file final_11.pdb (PDB, C-alpha atoms)
MODEL        1
ATOM      1  CA  MET A   1     -15.074   0.520  20.359
ATOM      2  CA  SER A   2     -12.710   2.431  18.099
ATOM      3  CA  ILE A   3     -11.539   2.286  14.522
ATOM      4  CA  VAL A   4      -7.812   1.693  14.913
ATOM      5  CA  VAL A   5      -5.207   2.408  12.238
ATOM      6  CA  THR A   6      -1.716   0.976  12.699
ATOM      7  CA  ALA A   7       1.401   2.581  11.174
ATOM      8  CA  ALA A   8      -0.642   5.763  11.245
ATOM      9  CA  THR A   9       2.291   8.120  10.622
ATOM     10  CA  GLY A  10       3.172   6.439   7.336
ATOM     11  CA  GLN A  11       2.119   7.818   3.960
ATOM     12  CA  LEU A  12      -0.907   5.544   3.653
ATOM     13  CA  GLY A  13      -1.783   5.695   7.351
ATOM     14  CA  ARG A  14      -2.064   9.485   7.408
ATOM     15  CA  LEU A  15      -4.356   9.438   4.390
ATOM     16  CA  VAL A  16      -6.558   6.768   5.979
ATOM     17  CA  ILE A  17      -6.866   8.859   9.149
ATOM     18  CA  ASP A  18      -8.000  11.875   7.104
ATOM     19  CA  GLU A  19     -10.470   9.756   5.127
ATOM     20  CA  LEU A  20     -11.893   8.418   8.392
ATOM     21  CA  LEU A  21     -12.229  11.934   9.808
ATOM     22  CA  ALA A  22     -14.422  12.803   6.824
ATOM     23  CA  ARG A  23     -16.742   9.922   7.758
ATOM     24  CA  VAL A  24     -16.847   9.566  11.557
ATOM     25  CA  PRO A  25     -16.138  11.747  14.632
ATOM     26  CA  ALA A  26     -12.517  11.965  15.749
ATOM     27  CA  ASP A  27     -13.300  10.371  19.103
ATOM     28  CA  GLN A  28     -14.109   7.118  17.290
ATOM     29  CA  ILE A  29     -10.621   6.873  15.775
ATOM     30  CA  ALA A  30      -7.350   5.677  17.304
ATOM     31  CA  ALA A  31      -3.898   5.773  15.724
ATOM     32  CA  VAL A  32      -1.214   3.246  16.632
ATOM     33  CA  VAL A  33       2.191   4.925  16.355
ATOM     34  CA  ARG A  34       5.714   4.291  17.585
ATOM     35  CA  ASN A  35       6.574   7.910  18.287
ATOM     36  CA  ALA A  36       4.067  10.372  19.738
ATOM     37  CA  ASP A  37       6.121  13.368  18.610
ATOM     38  CA  LYS A  38       5.887  12.287  14.973
ATOM     39  CA  ALA A  39       2.122  11.957  15.414
ATOM     40  CA  ALA A  40       1.548  15.388  16.971
ATOM     41  CA  ASP A  41      -0.405  16.560  13.925
ATOM     42  CA  ILE A  42      -2.685  13.503  14.211
ATOM     43  CA  ALA A  43      -3.259  14.124  17.917
ATOM     44  CA  ALA A  44      -4.086  17.743  17.092
ATOM     45  CA  LYS A  45      -7.074  16.429  15.133
ATOM     46  CA  ASN A  46      -8.390  14.901  18.398
ATOM     47  CA  VAL A  47      -7.515  11.374  17.309
ATOM     48  CA  GLU A  48      -6.450   9.111  20.176
ATOM     49  CA  LEU A  49      -2.819   7.975  20.051
ATOM     50  CA  ARG A  50      -1.866   4.478  21.176
ATOM     51  CA  ILE A  51       1.884   4.003  21.410
ATOM     52  CA  ALA A  52       3.102   0.595  20.237
ATOM     53  CA  ASP A  53       5.709  -1.044  18.037
ATOM     54  CA  TYR A  54       5.184  -3.990  15.669
ATOM     55  CA  GLU A  55       8.466  -5.383  17.030
ATOM     56  CA  ASP A  56       7.399  -5.285  20.684
ATOM     57  CA  PRO A  57       4.521  -7.613  21.613
ATOM     58  CA  GLU A  58       4.321  -6.118  25.112
ATOM     59  CA  THR A  59       3.469  -2.661  23.748
ATOM     60  CA  LEU A  60       0.918  -4.140  21.368
ATOM     61  CA  LYS A  61      -1.052  -5.653  24.265
ATOM     62  CA  GLY A  62      -2.420  -2.249  25.184
ATOM     63  CA  ALA A  63      -2.951  -1.000  21.652
ATOM     64  CA  PHE A  64      -6.211  -2.820  20.911
ATOM     65  CA  HIS A  65      -9.477  -3.179  22.820
ATOM     66  CA  ALA A  66     -12.431  -5.521  22.620
ATOM     67  CA  GLY A  67     -14.774  -4.544  19.812
ATOM     68  CA  ASP A  68     -12.237  -2.438  17.900
ATOM     69  CA  VAL A  69     -12.152  -2.521  14.106
ATOM     70  CA  VAL A  70      -8.465  -2.560  13.200
ATOM     71  CA  LEU A  71      -6.544  -1.767  10.022
ATOM     72  CA  LEU A  72      -3.164  -3.510   9.918
ATOM     73  CA  ILE A  73      -1.087  -1.577   7.415
ATOM     74  CA  SER A  74       1.693  -3.849   6.226
ATOM     75  CA  SER A  75       5.137  -3.194   7.625
ATOM     76  CA  SER A  76       7.822  -1.512   5.536
ATOM     77  CA  GLU A  77      10.711  -3.171   7.384
ATOM     78  CA  PHE A  78      12.232  -5.599   4.934
ATOM     79  CA  GLY A  79      12.964  -9.036   6.349
ATOM     80  CA  ARG A  80      10.839  -8.464   9.480
ATOM     81  CA  ARG A  81       7.363  -8.071   8.044
ATOM     82  CA  THR A  82       5.966 -11.542   8.669
ATOM     83  CA  VAL A  83       7.120 -11.599  12.288
ATOM     84  CA  GLN A  84       5.816  -8.104  12.917
ATOM     85  CA  HIS A  85       2.454  -8.862  11.359
ATOM     86  CA  GLN A  86       2.139 -12.001  13.489
ATOM     87  CA  ASN A  87       2.775  -9.904  16.591
ATOM     88  CA  VAL A  88      -0.156  -7.668  15.677
ATOM     89  CA  ILE A  89      -2.408 -10.612  14.801
ATOM     90  CA  ASP A  90      -1.661 -12.194  18.171
ATOM     91  CA  ALA A  91      -2.408  -8.929  19.988
ATOM     92  CA  VAL A  92      -5.713  -8.225  18.236
ATOM     93  CA  THR A  93      -6.819 -11.830  18.725
ATOM     94  CA  ALA A  94      -6.094 -11.638  22.459
ATOM     95  CA  ALA A  95      -7.906  -8.296  22.713
ATOM     96  CA  GLY A  96     -11.073  -9.618  21.105
ATOM     97  CA  VAL A  97     -11.342  -7.077  18.302
ATOM     98  CA  ALA A  98     -14.448  -7.148  16.128
ATOM     99  CA  ARG A  99     -12.625  -7.239  12.788
ATOM    100  CA  LEU A 100      -9.134  -6.995  11.304
ATOM    101  CA  ALA A 101      -8.497  -5.462   7.899
ATOM    102  CA  TYR A 102      -5.093  -5.979   6.281
ATOM    103  CA  THR A 103      -3.384  -4.229   3.370
ATOM    104  CA  SER A 104      -2.223  -7.169   1.278
ATOM    105  CA  VAL A 105      -1.213  -7.240  -2.402
ATOM    106  CA  LEU A 106      -3.189  -7.677  -5.606
ATOM    107  CA  GLY A 107      -3.741 -11.337  -6.400
ATOM    108  CA  ALA A 108      -1.932 -12.550  -3.293
ATOM    109  CA  PRO A 109      -3.144 -16.184  -3.340
ATOM    110  CA  VAL A 110      -1.839 -16.785  -6.880
ATOM    111  CA  ALA A 111       1.052 -14.308  -6.937
ATOM    112  CA  GLU A 112       4.411 -15.770  -7.936
ATOM    113  CA  TYR A 113       7.110 -13.438  -6.679
ATOM    114  CA  LYS A 114       9.022 -12.989  -3.454
ATOM    115  CA  LEU A 115       7.305  -9.868  -2.129
ATOM    116  CA  ALA A 116       4.015 -11.760  -2.062
ATOM    117  CA  ASP A 117       5.495 -15.101  -0.982
ATOM    118  CA  GLU A 118       7.564 -13.690   1.882
ATOM    119  CA  GLN A 119       5.123 -11.103   3.253
ATOM    120  CA  HIS A 120       1.526 -11.141   2.155
ATOM    121  CA  LYS A 121       0.721 -14.825   1.669
ATOM    122  CA  PRO A 122       1.988 -15.819   5.148
ATOM    123  CA  THR A 123       0.146 -12.899   6.763
ATOM    124  CA  GLU A 124      -3.116 -13.694   5.000
ATOM    125  CA  GLN A 125      -2.794 -17.315   6.112
ATOM    126  CA  ALA A 126      -2.057 -16.264   9.697
ATOM    127  CA  ILE A 127      -5.196 -14.118   9.699
ATOM    128  CA  LEU A 128      -7.288 -17.008   8.384
ATOM    129  CA  ASP A 129      -5.759 -19.364  10.958
ATOM    130  CA  SER A 130      -6.495 -16.912  13.798
ATOM    131  CA  GLY A 131     -10.253 -17.231  13.423
ATOM    132  CA  LEU A 132     -10.619 -13.447  13.358
ATOM    133  CA  THR A 133     -13.324 -11.772  11.325
ATOM    134  CA  TYR A 134     -11.289 -10.166   8.555
ATOM    135  CA  THR A 135     -11.241  -8.025   5.437
ATOM    136  CA  LEU A 136      -8.336  -8.397   3.016
ATOM    137  CA  LEU A 137      -7.503  -5.276   1.033
ATOM    138  CA  ARG A 138      -5.313  -6.585  -1.778
ATOM    139  CA  ASN A 139      -3.862  -3.317  -2.996
ATOM    140  CA  GLY A 140      -2.304  -2.946  -6.419
ATOM    141  CA  TRP A 141       0.593  -0.623  -7.109
ATOM    142  CA  TYR A 142       0.536   3.044  -6.094
ATOM    143  CA  THR A 143       0.855   5.447  -9.031
ATOM    144  CA  ASP A 144       2.467   7.912  -6.620
ATOM    145  CA  ASN A 145       5.500   5.636  -6.247
ATOM    146  CA  TYR A 146       6.277   6.220  -9.924
ATOM    147  CA  THR A 147       5.374   9.893 -10.164
ATOM    148  CA  ALA A 148       7.549  10.618  -7.113
ATOM    149  CA  GLN A 149      10.477   9.799  -9.405
ATOM    150  CA  ILE A 150       9.542  12.317 -12.100
ATOM    151  CA  PRO A 151      12.583  14.611 -11.637
ATOM    152  CA  LEU A 152      14.852  11.599 -12.141
ATOM    153  CA  GLN A 153      12.731  10.314 -15.018
ATOM    154  CA  LEU A 154      12.914  13.652 -16.831
ATOM    155  CA  ALA A 155      16.696  13.544 -16.594
ATOM    156  CA  HIS A 156      17.357   9.865 -17.310
ATOM    157  CA  GLY A 157      14.191   8.299 -18.683
ATOM    158  CA  VAL A 158      11.902   5.688 -17.164
ATOM    159  CA  THR A 159      13.776   2.500 -16.317
ATOM    160  CA  ALA A 160      12.073  -0.795 -15.515
ATOM    161  CA  ALA A 161      12.215  -4.506 -16.283
ATOM    162  CA  ALA A 162       8.517  -5.000 -16.966
ATOM    163  CA  GLY A 163       8.501  -5.140 -20.760
ATOM    164  CA  GLN A 164       5.008  -4.239 -21.958
ATOM    165  CA  GLY A 165       3.295  -5.565 -18.839
ATOM    166  CA  ARG A 166       0.313  -3.488 -17.763
ATOM    167  CA  ILE A 167      -0.074  -1.867 -14.329
ATOM    168  CA  GLY A 168      -3.538  -1.187 -12.972
ATOM    169  CA  SER A 169      -2.302   1.370 -10.476
ATOM    170  CA  ALA A 170      -4.244   3.889  -8.415
ATOM    171  CA  THR A 171      -3.220   6.637  -6.030
ATOM    172  CA  ARG A 172      -2.573   6.175  -2.339
ATOM    173  CA  GLN A 173      -5.562   8.436  -1.777
ATOM    174  CA  ASP A 174      -7.759   6.008  -3.711
ATOM    175  CA  TYR A 175      -6.607   3.058  -1.600
ATOM    176  CA  ALA A 176      -6.959   5.087   1.600
ATOM    177  CA  ALA A 177     -10.538   5.935   0.691
ATOM    178  CA  ALA A 178     -11.300   2.248   0.142
ATOM    179  CA  ALA A 179      -9.830   1.361   3.535
ATOM    180  CA  ALA A 180     -11.939   4.024   5.222
ATOM    181  CA  VAL A 181     -15.103   2.723   3.575
ATOM    182  CA  VAL A 182     -14.337  -0.840   4.671
ATOM    183  CA  LEU A 183     -13.606   0.284   8.231
ATOM    184  CA  THR A 184     -16.749   2.385   8.631
ATOM    185  CA  THR A 185     -19.440   0.371   6.851
ATOM    186  CA  ALA A 186     -20.936  -3.098   7.197
ATOM    187  CA  GLY A 187     -20.918  -5.981   4.748
ATOM    188  CA  HIS A 188     -17.154  -6.487   4.444
ATOM    189  CA  GLU A 189     -16.823  -9.348   6.907
ATOM    190  CA  ASN A 190     -14.598 -12.220   5.757
ATOM    191  CA  LYS A 191     -14.172 -10.741   2.296
ATOM    192  CA  ALA A 192     -11.150 -10.136   0.098
ATOM    193  CA  TYR A 193     -11.066  -7.219  -2.337
ATOM    194  CA  GLU A 194      -8.750  -7.123  -5.359
ATOM    195  CA  LEU A 195      -8.039  -3.408  -5.598
ATOM    196  CA  SER A 196      -6.638  -1.748  -8.708
ATOM    197  CA  GLY A 197      -7.078   1.259 -10.937
ATOM    198  CA  ASP A 198      -9.772   1.332 -13.590
ATOM    199  CA  THR A 199      -7.292   1.573 -16.469
ATOM    200  CA  ALA A 200      -3.976  -0.266 -16.717
ATOM    201  CA  TRP A 201      -0.941   1.215 -18.454
ATOM    202  CA  THR A 202       2.497   0.171 -19.684
ATOM    203  CA  PHE A 203       5.767   1.951 -18.980
ATOM    204  CA  THR A 204       5.850   2.908 -22.660
ATOM    205  CA  GLU A 205       2.509   4.667 -22.184
ATOM    206  CA  TYR A 206       3.703   6.227 -18.920
ATOM    207  CA  ALA A 207       6.800   7.651 -20.631
ATOM    208  CA  ALA A 208       4.680   8.985 -23.504
ATOM    209  CA  GLU A 209       2.258  10.722 -21.131
ATOM    210  CA  LEU A 210       5.102  12.233 -19.118
ATOM    211  CA  SER A 211       6.737  13.425 -22.352
ATOM    212  CA  LYS A 212       3.468  15.020 -23.495
ATOM    213  CA  GLN A 213       2.801  16.856 -20.243
ATOM    214  CA  SER A 214       6.355  17.931 -19.474
ATOM    215  CA  GLY A 215       7.445  18.903 -22.964
ATOM    216  CA  THR A 216      10.558  16.775 -22.449
ATOM    217  CA  GLU A 217      11.135  13.608 -24.451
ATOM    218  CA  VAL A 218      11.202  10.738 -21.940
ATOM    219  CA  ALA A 219      12.273   7.272 -23.069
ATOM    220  CA  TYR A 220      11.313   3.957 -21.528
ATOM    221  CA  ASN A 221      14.446   1.942 -20.858
ATOM    222  CA  ASP A 222      13.478  -1.722 -20.559
ATOM    223  CA  VAL A 223      16.395  -3.502 -18.868
ATOM    224  CA  PRO A 224      17.049  -7.032 -17.580
ATOM    225  CA  VAL A 225      15.903  -7.603 -14.018
ATOM    226  CA  GLU A 226      19.521  -8.099 -12.914
ATOM    227  CA  ALA A 227      20.414  -4.657 -14.227
ATOM    228  CA  LEU A 228      17.482  -3.109 -12.385
ATOM    229  CA  ALA A 229      18.552  -4.780  -9.140
ATOM    230  CA  ALA A 230      22.075  -3.433  -9.680
ATOM    231  CA  MET A 231      20.658   0.069 -10.113
ATOM    232  CA  PHE A 232      18.827  -0.257  -6.800
ATOM    233  CA  THR A 233      21.927  -1.433  -4.964
ATOM    234  CA  GLY A 234      23.910   1.362  -6.586
ATOM    235  CA  ALA A 235      21.421   3.781  -5.039
ATOM    236  CA  GLY A 236      22.113   2.303  -1.605
ATOM    237  CA  MET A 237      19.430  -0.363  -1.284
ATOM    238  CA  PRO A 238      20.502  -3.620   0.443
ATOM    239  CA  ALA A 239      21.150  -6.376  -2.110
ATOM    240  CA  GLU A 240      18.422  -8.770  -0.963
ATOM    241  CA  GLN A 241      15.830  -6.016  -0.910
ATOM    242  CA  ALA A 242      16.942  -4.799  -4.344
ATOM    243  CA  GLU A 243      16.522  -8.292  -5.770
ATOM    244  CA  VAL A 244      12.996  -8.618  -4.365
ATOM    245  CA  PHE A 245      11.890  -5.199  -5.595
ATOM    246  CA  ALA A 246      13.353  -5.743  -9.065
ATOM    247  CA  GLU A 247      11.610  -9.099  -9.291
ATOM    248  CA  THR A 248       8.228  -7.429  -8.923
ATOM    249  CA  ASP A 249       8.763  -6.019 -12.425
ATOM    250  CA  LEU A 250       8.745  -9.588 -13.708
ATOM    251  CA  ALA A 251       5.398 -10.011 -11.958
ATOM    252  CA  ILE A 252       4.168  -6.944 -13.832
ATOM    253  CA  LYS A 253       5.454  -8.475 -17.062
ATOM    254  CA  ARG A 254       3.511 -11.676 -16.318
ATOM    255  CA  GLY A 255       0.292  -9.714 -15.766
ATOM    256  CA  HIS A 256       0.003  -9.944 -11.978
ATOM    257  CA  PHE A 257      -0.611  -6.192 -11.592
ATOM    258  CA  GLN A 258      -3.012  -5.519 -14.448
ATOM    259  CA  GLY A 259      -6.078  -5.742 -12.228
ATOM    260  CA  GLY A 260      -9.283  -4.343 -13.648
ATOM    261  CA  ASN A 261     -12.106  -6.066 -11.763
ATOM    262  CA  GLY A 262     -13.555  -2.750 -10.546
ATOM    263  CA  ASP A 263     -13.498  -3.508  -6.801
ATOM    264  CA  LEU A 264     -11.688  -0.285  -5.946
ATOM    265  CA  SER A 265     -13.945   2.113  -7.832
ATOM    266  CA  ARG A 266     -17.033   0.306  -6.511
ATOM    267  CA  LEU A 267     -15.838   0.671  -2.920
ATOM    268  CA  ILE A 268     -15.008   4.361  -3.185
ATOM    269  CA  GLY A 269     -18.053   5.201  -5.298
ATOM    270  CA  ARG A 270     -16.129   7.017  -8.025
ATOM    271  CA  PRO A 271     -13.606   6.282 -10.778
ATOM    272  CA  THR A 272     -10.027   5.776  -9.658
ATOM    273  CA  THR A 273      -7.586   8.619 -10.311
ATOM    274  CA  PRO A 274      -6.260   8.426 -13.898
ATOM    275  CA  LEU A 275      -2.538   8.178 -14.594
ATOM    276  CA  ALA A 276      -2.574  11.454 -16.526
ATOM    277  CA  GLU A 277      -4.052  13.317 -13.557
ATOM    278  CA  THR A 278      -1.474  11.902 -11.136
ATOM    279  CA  ILE A 279       1.363  12.880 -13.479
ATOM    280  CA  ALA A 280      -0.065  16.400 -13.803
ATOM    281  CA  THR A 281      -0.315  16.765 -10.026
ATOM    282  CA  ALA A 282       3.269  15.604  -9.569
ATOM    283  CA  LEU A 283       4.557  17.966 -12.234
ATOM    284  CA  ARG A 284       2.801  20.909 -10.585
ATOM    285  CA  ALA A 285       4.309  19.944  -7.235
ATOM    286  CA  SER A 286       7.820  19.742  -8.691
ATOM    287  CA  ASN A 287       7.428  23.064 -10.555
ATOM    288  CA  PRO A 288       5.273  25.322  -8.380
ATOM    289  CA  ALA A 289       4.228  28.591  -9.990
TER     290      ALA A 289
ENDMDL
END
call {"tool": "encode", "arguments": {"input": "final_11.pdb", "output": "structure tokens"}}
result
Amino acid sequence: MSIVVTAATGQLGRLVIDELLARVPADQIAAVVRNADKAADIAAKNVELRIADYEDPETLKGAFHAGDVVLLISSSEFGRRTVQHQNVIDAVTAAGVARLAYTSVLGAPVAEYKLADEQHKPTEQAILDSGLTYTLLRNGWYTDNYTAQIPLQLAHGVTAAAGQGRIGSATRQDYAAAAAVVLTTAGHENKAYELSGDTAWTFTEYAAELSKQSGTEVAYNDVPVEALAAMFTGAGMPAEQAEVFAETDLAIKRGHFQGGNGDLSRLIGRPTTPLAETIATALRASNPA
């Protein structure tokens, strides 16, 4: 039996692998990757590599073994996610794994926007229909996705279509730690966790904190969702994808991403990483001494 992490070379996958290594021996961990060369650093940690592709059911047949505990990290390939997830669900069901954990989205059953409707709701239902023992990790937004844009924000302000909607975000590291806990401890069978940061913030508050720490006045530009989608397409994003991503700001505006039930901090046994700390870390990374 192994603890198996799919999409292990992605940003979240790598963090989950490291969190697992802090909890269990390397020979208990397997990483499912498409390209062994890109996973050389993972293999160097004595983690087993299993080569497979979400798109190729034949490769997935050998990626999972009876008794494995598997983390299905949601696909990043727009328009193909549901099919790819079903391929993995079919493979783990056939293999007889002990449990499947899936990185879903905060509030998935009641969410009212395309990213949830077209990816996470169908995948959650497929997992329930499979009869597998499961754990649903309904992740909120990653603070890192916003702080990665700090150089652009310092130059042009913070632009969104979320009004004064609140975002209960946490760092990728926080969510990775939660996944590792769920994969390595008992008591998570057939449970769903609504995972979010301890304190929610608005884009106005984000801009104010960035202004304070950077010494540069940063405005929050609240724009119509159509204008945000146009900005995304102008940056090279396909139109359909841009529309879906922009629409998530309306979900923020409606309160879907506020979170606050404490599941994440309870799982990881510590407070989630505050917004101010994540901004400070990003600023240090963009301006090394």
call {"tool": "axis_aligned_box", "arguments": {"input": "final_11.pdb", "around": "range 10-25 of chain A", "padding_each_side": "3 Å", "output": "AutoDock Vina command-line options"}}
result
--center_x -6.8 --center_y 9.2 --center_z 9.1 --size_x 26.0 --size_y 13.3 --size_z 17.0
call {"tool": "closest_atom_pairs", "arguments": {"input": "final_11.pdb", "of": "range 155-201 of chain A", "to": "range 111-133 of chain A", "cutoff": "12 Å", "atoms": "all atoms listed in the file", "output": "Markdown table"}}
result
| residue | atom | partner | partner_atom | distance |
| --- | --- | --- | --- | --- |
| A:Gly187 | CA | A:Thr133 | CA | 11.6 |
| A:His188 | CA | A:Thr133 | CA | 9.5 |
| A:Glu189 | CA | A:Thr133 | CA | 6.1 |
| A:Asn190 | CA | A:Thr133 | CA | 5.7 |
| A:Lys191 | CA | A:Thr133 | CA | 9.1 |
| A:Ala192 | CA | A:Glu124 | CA | 10.1 |
call {"tool": "resolve_selection", "arguments": {"input": "final_11.pdb", "expression": "the PyMOL selection byres ((chain A and resi 137-148) around 7)", "output": "VMD selection string"}}
result
chain A and resid 101 to 107 135 to 136 149 to 150 168 to 172 192 to 196 257 279 282
call {"tool": "write_last_selection", "arguments": {"input": "final_11.pdb", "atoms": "C-alpha atoms", "output": "mmCIF file, in the coordinates of the input"}}
result
data_model
loop_
_atom_site.group_PDB
_atom_site.id
_atom_site.type_symbol
_atom_site.label_atom_id
_atom_site.label_comp_id
_atom_site.auth_asym_id
_atom_site.auth_seq_id
_atom_site.Cartn_x
_atom_site.Cartn_y
_atom_site.Cartn_z
ATOM 1 C CA ALA A 101 -8.497 -5.462 7.899
ATOM 2 C CA TYR A 102 -5.093 -5.979 6.281
ATOM 3 C CA THR A 103 -3.384 -4.229 3.370
ATOM 4 C CA SER A 104 -2.223 -7.169 1.278
ATOM 5 C CA VAL A 105 -1.213 -7.240 -2.402
ATOM 6 C CA LEU A 106 -3.189 -7.677 -5.606
ATOM 7 C CA GLY A 107 -3.741 -11.337 -6.400
ATOM 8 C CA THR A 135 -11.241 -8.025 5.437
ATOM 9 C CA LEU A 136 -8.336 -8.397 3.016
ATOM 10 C CA GLN A 149 10.477 9.799 -9.405
ATOM 11 C CA ILE A 150 9.542 12.317 -12.100
ATOM 12 C CA GLY A 168 -3.538 -1.187 -12.972
ATOM 13 C CA SER A 169 -2.302 1.370 -10.476
ATOM 14 C CA ALA A 170 -4.244 3.889 -8.415
ATOM 15 C CA THR A 171 -3.220 6.637 -6.030
ATOM 16 C CA ARG A 172 -2.573 6.175 -2.339
ATOM 17 C CA ALA A 192 -11.150 -10.136 0.098
ATOM 18 C CA TYR A 193 -11.066 -7.219 -2.337
ATOM 19 C CA GLU A 194 -8.750 -7.123 -5.359
ATOM 20 C CA LEU A 195 -8.039 -3.408 -5.598
ATOM 21 C CA SER A 196 -6.638 -1.748 -8.708
ATOM 22 C CA PHE A 257 -0.611 -6.192 -11.592
ATOM 23 C CA ILE A 279 1.363 12.880 -13.479
ATOM 24 C CA ALA A 282 3.269 15.604 -9.569
#
call {"tool": "atom_distance", "arguments": {"input": "final_11.pdb", "atom1": "CA of Ala31 in chain A", "atom2": "CA of Ala94 in chain A"}}
result
18.8 Å
call {"tool": "resolve_selection", "arguments": {"input": "final_11.pdb", "expression": "the PyMOL selection byres ((chain A and resi 20-24) around 10)", "output": "ChimeraX atom specification"}}
result
/A:3,5,14-19,25-29,45-47,176-177,179-181,183-185
call {"tool": "resolve_selection", "arguments": {"input": "final_11.pdb", "expression": "the PyMOL selection byres ((chain A and resi 95) around 7)", "output": "PyMOL selection string"}}
result
chain A and resi 64-66+91-94+96-97
call {"tool": "atom_distance", "arguments": {"input": "final_11.pdb", "atom1": "CA of Glu240 in chain A", "atom2": "CA of Val88 in chain A"}}
result
25.0 Å
call {"tool": "closest_residue", "arguments": {"input": "final_11.pdb", "among": "A:Gln11, A:Thr6, A:Thr204, A:Asp41", "to": "Asn221 in chain A", "atoms": "only C-alpha atoms"}}
result
A:Thr204
call {"tool": "closest_residue", "arguments": {"input": "final_11.pdb", "among": "A:Gln164, A:Ser74, A:Gln153, A:Thr199", "to": "Leu264 in chain A", "atoms": "only C-alpha atoms"}}
result
A:Thr199
call {"tool": "atom_distance", "arguments": {"input": "final_11.pdb", "atom1": "CA of Arg81 in chain A", "atom2": "CA of Val110 in chain A"}}
result
19.6 Å
call {"tool": "closest_residue", "arguments": {"input": "final_11.pdb", "among": "A:Arg270, A:Arg34, A:His256, A:Arg99", "to": "Leu71 in chain A", "atoms": "all atoms listed in the file"}}
result
A:Arg99
call {"tool": "residues_around", "arguments": {"input": "final_11.pdb", "residues": "Ala280 in chain A", "least_positions_apart": "4", "cutoff": "9 Å", "atoms": "only C-alpha atoms", "output": "PyMOL selection string"}}
result
chain A and resi 210+213-214+275-276+284-285
